[in-house]
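Take a look at the structure below.
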Amino acid sequence: MKMTPAVLIVGALMVFWASSFIIVGIPSMTMKEVPSEIWRPLSAEEKVGHRLYVRNGCSYCHSLFIRVNDWDVGAERIAQSGDYVGVEPAILGSERTGPDLSQEGGEHPDDWNVAHFKNPRFTSPISLMPAWDFLEDKEIGALTSYVQALGGKAADLRQARQRKWKKQAVAAFAAGPDRNIEWLHAQVPEVWRRMPNPYPATEAALQRGKRIYQQFCINCHSPIGDGRGPAEPFLSPPPLNFTTLRRHVVENRYIGGLFYYQIMNGVTGTAMPYFKKHLESEKIWDLANYLAVSFVGYTDANTEPRGIDASFEGGWENRYPVPGTERPDLPSPLPLSRRARGDGQNLPPEARESVPSPAGRGMGTNSREN
């Protein structure tokens, strides 16, 4: 056969259509979309949120699939194609400038997500994500609904858990600052409530703890630890006022284990997230020491019961007196200036009014003191 332009065009078309049939046609006829065990259809509001997610390019920074080699938030379940049946367009993304969101639903309560969309720095102080306050409240609500649906039935389970504990957390907060702290401490297992911080509160450790506080905590709990950071107006119950903990030291002695457990596991139902996948053990203990020294004015670091000193530790003596045993004739052992204490003694004058007086204990004083 003589090779002519017509033959070349026809041959090329035949090869193209044959390849298309093999690559596209056969799979489309033989492959079926089978929903996974966690799949459920999106509600009308969740679909609106999905369109906002796509339109605003969220997939440029967030992926929607967890791989077998991942070890971060959401890595409890490997993503499957059946998780996305009926999602059009399916934008899974390939970048992880931000965290993966495939199992984000129920990781946080709704109010945390609203605060995060308004300004990501409110909940994640070092976030690179732009603020979404250009969206209307209704649109932020729809976007929140979509994010809370990521994970399907598994997300619904986490959402139900958030709602259950939020109801109890809000009731405890409404009962007053002291009752609120008693409720929070009651959720900590006994072994942790009587566990001192095993790491010395050295100046280096406190500076490390301060840096972690600035990276994760400061915009909820504020620079002086009174819970009135910029995220506070969006959150219910609001962040804890650490300075009130001075009158709730367990047996007038233990505070480190309480901090560690609640930093590690978070407080479900509130905006306090868990940090067990963000911070290694020593970082959590350093943060606990910083909170104790800075806002409670006391740390149980290196007190009994204790074991063998770690090989890297230098000589360090805990000079922080337990609450109620301070001697006014001795200088304060606090290593950094103007540390917040439960009685407000070391706070700047403009902040002292936010610190509750011990005399108000159990009287249901201003709930903002929480």
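If you're wondering about the labels, chains in the structure tokens are A, B, ... by order shown, residues count from 1 in each chain, ligands from 1 in order shown.
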
Could you find all residues in stretch 201-345 of chain A that DSSP calls alpha helix (DSSP H) from the backbone, and write them as a ChimeraX atom specification?
/A:203-216,218-221,256-265,281-291

Write a file of the selected residues as an mmCIF file, in the first residue's frame, keeping N, CA and C atoms.
data_model
loop_
_atom_site.group_PDB
_atom_site.id
_atom_site.type_symbol
_atom_site.label_atom_id
_atom_site.label_comp_id
_atom_site.auth_asym_id
_atom_site.auth_seq_id
_atom_site.Cartn_x
_atom_site.Cartn_y
_atom_site.Cartn_z
ATOM 1 N N GLU A 203 16.361 26.934 83.166
ATOM 2 C CA GLU A 203 16.091 28.073 82.308
ATOM 3 C C GLU A 203 15.978 27.647 80.849
ATOM 4 N N ALA A 204 16.844 26.713 80.419
ATOM 5 C CA ALA A 204 16.774 26.231 79.034
ATOM 6 C C ALA A 204 15.450 25.515 78.772
ATOM 7 N N ALA A 205 15.021 24.673 79.732
ATOM 8 C CA ALA A 205 13.757 23.948 79.571
ATOM 9 C C ALA A 205 12.581 24.915 79.500
ATOM 10 N N LEU A 206 12.615 25.950 80.329
ATOM 11 C CA LEU A 206 11.536 26.930 80.327
ATOM 12 C C LEU A 206 11.507 27.713 79.018
ATOM 13 N N GLN A 207 12.662 28.006 78.472
ATOM 14 C CA GLN A 207 12.696 28.712 77.193
ATOM 15 C C GLN A 207 12.172 27.819 76.067
ATOM 16 N N ARG A 208 12.498 26.525 76.127
ATOM 17 C CA ARG A 208 11.935 25.599 75.134
ATOM 18 C C ARG A 208 10.417 25.534 75.268
ATOM 19 N N GLY A 209 9.935 25.450 76.510
ATOM 20 C CA GLY A 209 8.497 25.425 76.740
ATOM 21 C C GLY A 209 7.825 26.691 76.259
ATOM 22 N N LYS A 210 8.479 27.829 76.472
ATOM 23 C CA LYS A 210 7.927 29.105 76.014
ATOM 24 C C LYS A 210 7.784 29.121 74.498
ATOM 25 N N ARG A 211 8.782 28.606 73.811
ATOM 26 C CA ARG A 211 8.732 28.576 72.337
ATOM 27 C C ARG A 211 7.575 27.694 71.860
ATOM 28 N N ILE A 212 7.381 26.553 72.493
ATOM 29 C CA ILE A 212 6.270 25.669 72.123
ATOM 30 C C ILE A 212 4.942 26.365 72.397
ATOM 31 N N TYR A 213 4.850 27.068 73.523
ATOM 32 C CA TYR A 213 3.627 27.801 73.867
ATOM 33 C C TYR A 213 3.316 28.837 72.789
ATOM 34 N N GLN A 214 4.335 29.530 72.324
ATOM 35 C CA GLN A 214 4.133 30.545 71.287
ATOM 36 C C GLN A 214 3.726 29.919 69.956
ATOM 37 N N GLN A 215 4.186 28.713 69.687
ATOM 38 C CA GLN A 215 3.895 28.057 68.418
ATOM 39 C C GLN A 215 2.498 27.441 68.379
ATOM 40 N N PHE A 216 1.983 26.994 69.527
ATOM 41 C CA PHE A 216 0.742 26.225 69.526
ATOM 42 C C PHE A 216 -0.389 26.815 70.374
ATOM 43 N N ILE A 218 -0.586 30.225 72.226
ATOM 44 C CA ILE A 218 -0.677 31.608 72.685
ATOM 45 C C ILE A 218 -1.940 32.321 72.219
ATOM 46 N N ASN A 219 -2.461 32.003 71.039
ATOM 47 C CA ASN A 219 -3.608 32.747 70.535
ATOM 48 C C ASN A 219 -4.936 32.244 71.071
ATOM 49 N N CYS A 220 -4.928 31.153 71.801
ATOM 50 C CA CYS A 220 -6.118 30.740 72.559
ATOM 51 C C CYS A 220 -5.988 31.168 74.018
ATOM 52 N N HIS A 221 -4.833 30.844 74.626
ATOM 53 C CA HIS A 221 -4.674 31.074 76.069
ATOM 54 C C HIS A 221 -4.077 32.437 76.401
ATOM 55 N N GLY A 256 2.229 18.616 87.336
ATOM 56 C CA GLY A 256 2.870 18.261 86.066
ATOM 57 C C GLY A 256 2.114 17.217 85.266
ATOM 58 N N GLY A 257 1.663 16.135 85.927
ATOM 59 C CA GLY A 257 0.959 15.070 85.220
ATOM 60 C C GLY A 257 -0.368 15.521 84.654
ATOM 61 N N LEU A 258 -1.044 16.432 85.361
ATOM 62 C CA LEU A 258 -2.302 16.982 84.862
ATOM 63 C C LEU A 258 -2.074 17.716 83.542
ATOM 64 N N PHE A 259 -1.061 18.570 83.532
ATOM 65 C CA PHE A 259 -0.737 19.290 82.299
ATOM 66 C C PHE A 259 -0.384 18.304 81.187
ATOM 67 N N TYR A 260 0.474 17.340 81.501
ATOM 68 C CA TYR A 260 0.952 16.428 80.457
ATOM 69 C C TYR A 260 -0.216 15.690 79.823
ATOM 70 N N TYR A 261 -1.094 15.126 80.641
ATOM 71 C CA TYR A 261 -2.182 14.305 80.118
ATOM 72 C C TYR A 261 -3.106 15.118 79.222
ATOM 73 N N GLN A 262 -3.437 16.332 79.644
ATOM 74 C CA GLN A 262 -4.401 17.110 78.869
ATOM 75 C C GLN A 262 -3.757 17.772 77.651
ATOM 76 N N ILE A 263 -2.458 18.025 77.682
ATOM 77 C CA ILE A 263 -1.771 18.468 76.467
ATOM 78 C C ILE A 263 -1.684 17.303 75.477
ATOM 79 N N MET A 264 -1.378 16.132 75.992
ATOM 80 C CA MET A 264 -1.228 14.952 75.146
ATOM 81 C C MET A 264 -2.549 14.562 74.492
ATOM 82 N N ASN A 265 -3.619 14.456 75.282
ATOM 83 C CA ASN A 265 -4.895 13.942 74.787
ATOM 84 C C ASN A 265 -5.899 15.012 74.409
ATOM 85 N N SER A 281 7.553 13.465 73.841
ATOM 86 C CA SER A 281 7.311 13.457 75.286
ATOM 87 C C SER A 281 8.012 14.595 76.011
ATOM 88 N N GLU A 282 9.326 14.792 75.763
ATOM 89 C CA GLU A 282 10.054 15.817 76.510
ATOM 90 C C GLU A 282 9.512 17.210 76.203
ATOM 91 N N LYS A 283 9.071 17.427 74.976
ATOM 92 C CA LYS A 283 8.517 18.739 74.638
ATOM 93 C C LYS A 283 7.238 19.010 75.429
ATOM 94 N N ILE A 284 6.419 17.976 75.609
ATOM 95 C CA ILE A 284 5.208 18.158 76.398
ATOM 96 C C ILE A 284 5.559 18.468 77.847
ATOM 97 N N TRP A 285 6.570 17.771 78.395
ATOM 98 C CA TRP A 285 6.983 18.042 79.770
ATOM 99 C C TRP A 285 7.575 19.447 79.897
ATOM 100 N N ASP A 286 8.347 19.886 78.911
ATOM 101 C CA ASP A 286 8.894 21.245 78.950
ATOM 102 C C ASP A 286 7.768 22.279 78.905
ATOM 103 N N LEU A 287 6.765 22.029 78.062
ATOM 104 C CA LEU A 287 5.623 22.932 78.006
ATOM 105 C C LEU A 287 4.881 22.933 79.333
ATOM 106 N N ALA A 288 4.741 21.756 79.942
ATOM 107 C CA ALA A 288 4.073 21.672 81.245
ATOM 108 C C ALA A 288 4.826 22.479 82.297
ATOM 109 N N ASN A 289 6.150 22.391 82.293
ATOM 110 C CA ASN A 289 6.945 23.186 83.236
ATOM 111 C C ASN A 289 6.759 24.680 82.990
ATOM 112 N N TYR A 290 6.729 25.067 81.716
ATOM 113 C CA TYR A 290 6.556 26.487 81.405
ATOM 114 C C TYR A 290 5.199 26.993 81.897
ATOM 115 N N LEU A 291 4.141 26.228 81.666
ATOM 116 C CA LEU A 291 2.814 26.631 82.125
ATOM 117 C C LEU A 291 2.773 26.721 83.645
#

Residues at most 8 Å from A:Leu143, counting only C-alpha atoms, excluding those fewer than 3 positions away in the same chain, as JSON, numbers by chain?
{"A": [46, 48, 49, 50, 52, 53, 139, 140, 146, 147]}

Go through stretch 165-270 of chain A residue by residue and, counting only C-alpha atoms, keep those with an atom at most 6 Å from stretch 300-305 of chain A; for each kept residue give the shortest atom pair and its distance in Å to one decimal, ordered by chain and increasing number, as a Markdown table.
| residue | atom | partner | partner_atom | distance |
| --- | --- | --- | --- | --- |
| A:Pro196 | CA | A:Asp300 | CA | 5.3 |
| A:Asn197 | CA | A:Ala301 | CA | 4.4 |
| A:Pro198 | CA | A:Asn302 | CA | 5.2 |
| A:Tyr199 | CA | A:Ala301 | CA | 5.9 |
| A:Pro200 | CA | A:Ala301 | CA | 5.4 |
| A:Tyr254 | CA | A:Asp300 | CA | 5.9 |

Emit the selected residues as a short mmCIF file (atom, residue, chain, number, x, y, z; two decimals), in the first residue's frame, including N, CA and C atoms.
data_model
loop_
_atom_site.label_atom_id
_atom_site.label_comp_id
_atom_site.auth_asym_id
_atom_site.auth_seq_id
_atom_site.Cartn_x
_atom_site.Cartn_y
_atom_site.Cartn_z
N PRO A 196 4.53 13.76 89.22
CA PRO A 196 5.27 15.01 89.07
C PRO A 196 6.00 15.05 87.73
N ASN A 197 6.37 16.25 87.34
CA ASN A 197 7.13 16.43 86.10
C ASN A 197 8.54 15.86 86.31
N PRO A 198 8.96 14.90 85.48
CA PRO A 198 10.27 14.28 85.70
C PRO A 198 11.44 15.10 85.19
N TYR A 199 11.19 16.23 84.53
CA TYR A 199 12.26 17.03 83.96
C TYR A 199 12.46 18.31 84.76
N PRO A 200 13.69 18.67 85.09
CA PRO A 200 13.95 19.91 85.83
C PRO A 200 13.46 21.13 85.06
N TYR A 254 0.93 18.24 93.31
CA TYR A 254 1.09 17.72 91.95
C TYR A 254 0.36 18.59 90.93
#

From the list A:Pro89, A:Gly314, A:Gly266, A:Gly98, which residue is nearest A:Gln187 when using only C-alpha atoms?
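For A:Gln187, the nearest of the given residues is A:Gly266.
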
Using only C-alpha atoms, which residue out of A:Tyr320, A:Gly141, A:Thr244, A:Phe134 lies closest to A:Arg179?
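Among the listed residues, A:Thr244 lies closest to A:Arg179.
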
Point out the residue among A:His116, A:Arg121, A:Arg67, A:Arg246 with the least atom-to-atom distance to A:Ser102, counting only C-alpha atoms.
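The answer is A:Arg67, which sits nearest to A:Ser102.
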
Hey, what's within 12 Å of A:Ser222 if we count only C-alpha atoms and toss same-chain stuff fewer than 6 positions away? As a JSON list (two decimals) with N, CA and C atoms, in the first residue's frame, please?
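The resulting file, selection.json, is reproduced below:
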[["chain", "number", "residue", "atom", "x", "y", "z"],
["A", 122, "PHE", "N", -5.47, 32.20, 64.78],
["A", 122, "PHE", "CA", -6.20, 32.12, 66.04],
["A", 122, "PHE", "C", -5.99, 30.76, 66.70],
["A", 123, "THR", "N", -6.00, 29.71, 65.91],
["A", 123, "THR", "CA", -5.90, 28.36, 66.45],
["A", 123, "THR", "C", -4.54, 27.71, 66.21],
["A", 125, "PRO", "N", -0.93, 29.35, 65.68],
["A", 125, "PRO", "CA", -0.23, 30.64, 65.60],
["A", 125, "PRO", "C", 0.80, 30.77, 64.50],
["A", 213, "TYR", "N", 4.85, 27.07, 73.52],
["A", 213, "TYR", "CA", 3.63, 27.80, 73.87],
["A", 213, "TYR", "C", 3.32, 28.84, 72.79],
["A", 214, "GLN", "N", 4.33, 29.53, 72.32],
["A", 214, "GLN", "CA", 4.13, 30.55, 71.29],
["A", 214, "GLN", "C", 3.73, 29.92, 69.96],
["A", 215, "GLN", "N", 4.19, 28.71, 69.69],
["A", 215, "GLN", "CA", 3.89, 28.06, 68.42],
["A", 215, "GLN", "C", 2.50, 27.44, 68.38],
["A", 216, "PHE", "N", 1.98, 26.99, 69.53],
["A", 216, "PHE", "CA", 0.74, 26.23, 69.53],
["A", 216, "PHE", "C", -0.39, 26.82, 70.37],
["A", 228, "ARG", "N", -7.68, 34.56, 77.24],
["A", 228, "ARG", "CA", -8.35, 35.60, 76.47],
["A", 228, "ARG", "C", -7.58, 35.97, 75.22],
["A", 229, "GLY", "N", -7.11, 34.97, 74.51],
["A", 229, "GLY", "CA", -6.44, 35.21, 73.24],
["A", 229, "GLY", "C", -7.44, 35.59, 72.18],
["A", 230, "PRO", "N", -6.98, 35.93, 70.98],
["A", 230, "PRO", "CA", -7.88, 36.37, 69.91],
["A", 230, "PRO", "C", -8.88, 35.30, 69.46],
["A", 231, "ALA", "N", -8.64, 34.02, 69.75],
["A", 231, "ALA", "CA", -9.59, 32.97, 69.37],
["A", 231, "ALA", "C", -10.77, 32.90, 70.34],
["A", 232, "GLU", "N", -10.61, 33.45, 71.53],
["A", 232, "GLU", "CA", -11.59, 33.26, 72.61],
["A", 232, "GLU", "C", -13.02, 33.62, 72.23],
["A", 238, "PRO", "N", -14.77, 28.75, 76.45],
["A", 238, "PRO", "CA", -13.53, 29.45, 76.08],
["A", 238, "PRO", "C", -12.31, 28.75, 76.64],
["A", 239, "PRO", "N", -11.12, 29.12, 76.18],
["A", 239, "PRO", "CA", -9.88, 28.49, 76.67],
["A", 239, "PRO", "C", -9.72, 28.66, 78.19],
["A", 240, "LEU", "N", -9.01, 27.72, 78.78],
["A", 240, "LEU", "CA", -8.81, 27.72, 80.23],
["A", 240, "LEU", "C", -7.91, 28.87, 80.66],
["A", 241, "ASN", "N", -8.27, 29.49, 81.76],
["A", 241, "ASN", "CA", -7.42, 30.49, 82.42],
["A", 241, "ASN", "C", -6.46, 29.74, 83.33],
["A", 242, "PHE", "N", -5.20, 29.62, 82.92],
["A", 242, "PHE", "CA", -4.22, 28.83, 83.68],
["A", 242, "PHE", "C", -3.97, 29.40, 85.08],
["A", 243, "THR", "N", -4.15, 30.70, 85.24],
["A", 243, "THR", "CA", -3.80, 31.30, 86.54],
["A", 243, "THR", "C", -4.73, 30.83, 87.65],
["A", 291, "LEU", "N", 4.14, 26.23, 81.67],
["A", 291, "LEU", "CA", 2.81, 26.63, 82.12],
["A", 291, "LEU", "C", 2.77, 26.72, 83.64],
["A", 295, "PHE", "N", 2.42, 30.54, 84.91],
["A", 295, "PHE", "CA", 1.04, 30.94, 85.17],
["A", 295, "PHE", "C", 0.49, 30.41, 86.50],
["A", 340, "ALA", "N", 3.01, 35.31, 85.36],
["A", 340, "ALA", "CA", 1.63, 35.32, 85.85],
["A", 340, "ALA", "C", 1.48, 34.30, 86.96],
["A", 351, "ALA", "N", -3.65, 43.70, 83.54],
["A", 351, "ALA", "CA", -4.15, 42.32, 83.40],
["A", 351, "ALA", "C", -4.63, 41.76, 84.72],
["A", 354, "SER", "N", -8.25, 40.47, 85.48],
["A", 354, "SER", "CA", -8.76, 39.23, 84.89],
["A", 354, "SER", "C", -8.42, 38.02, 85.72]]

For A:Ala160, which of A:Pro41, A:Gly269, A:Gly74, A:Gly57 is the closest residue, counting only C-alpha atoms?
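The closest residue to A:Ala160 is A:Gly269.
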
Nearest residue to A:Pro109 out of A:Gln162, A:Asn252, A:Thr97, A:Asn69, using only C-alpha atoms?
A:Gln162
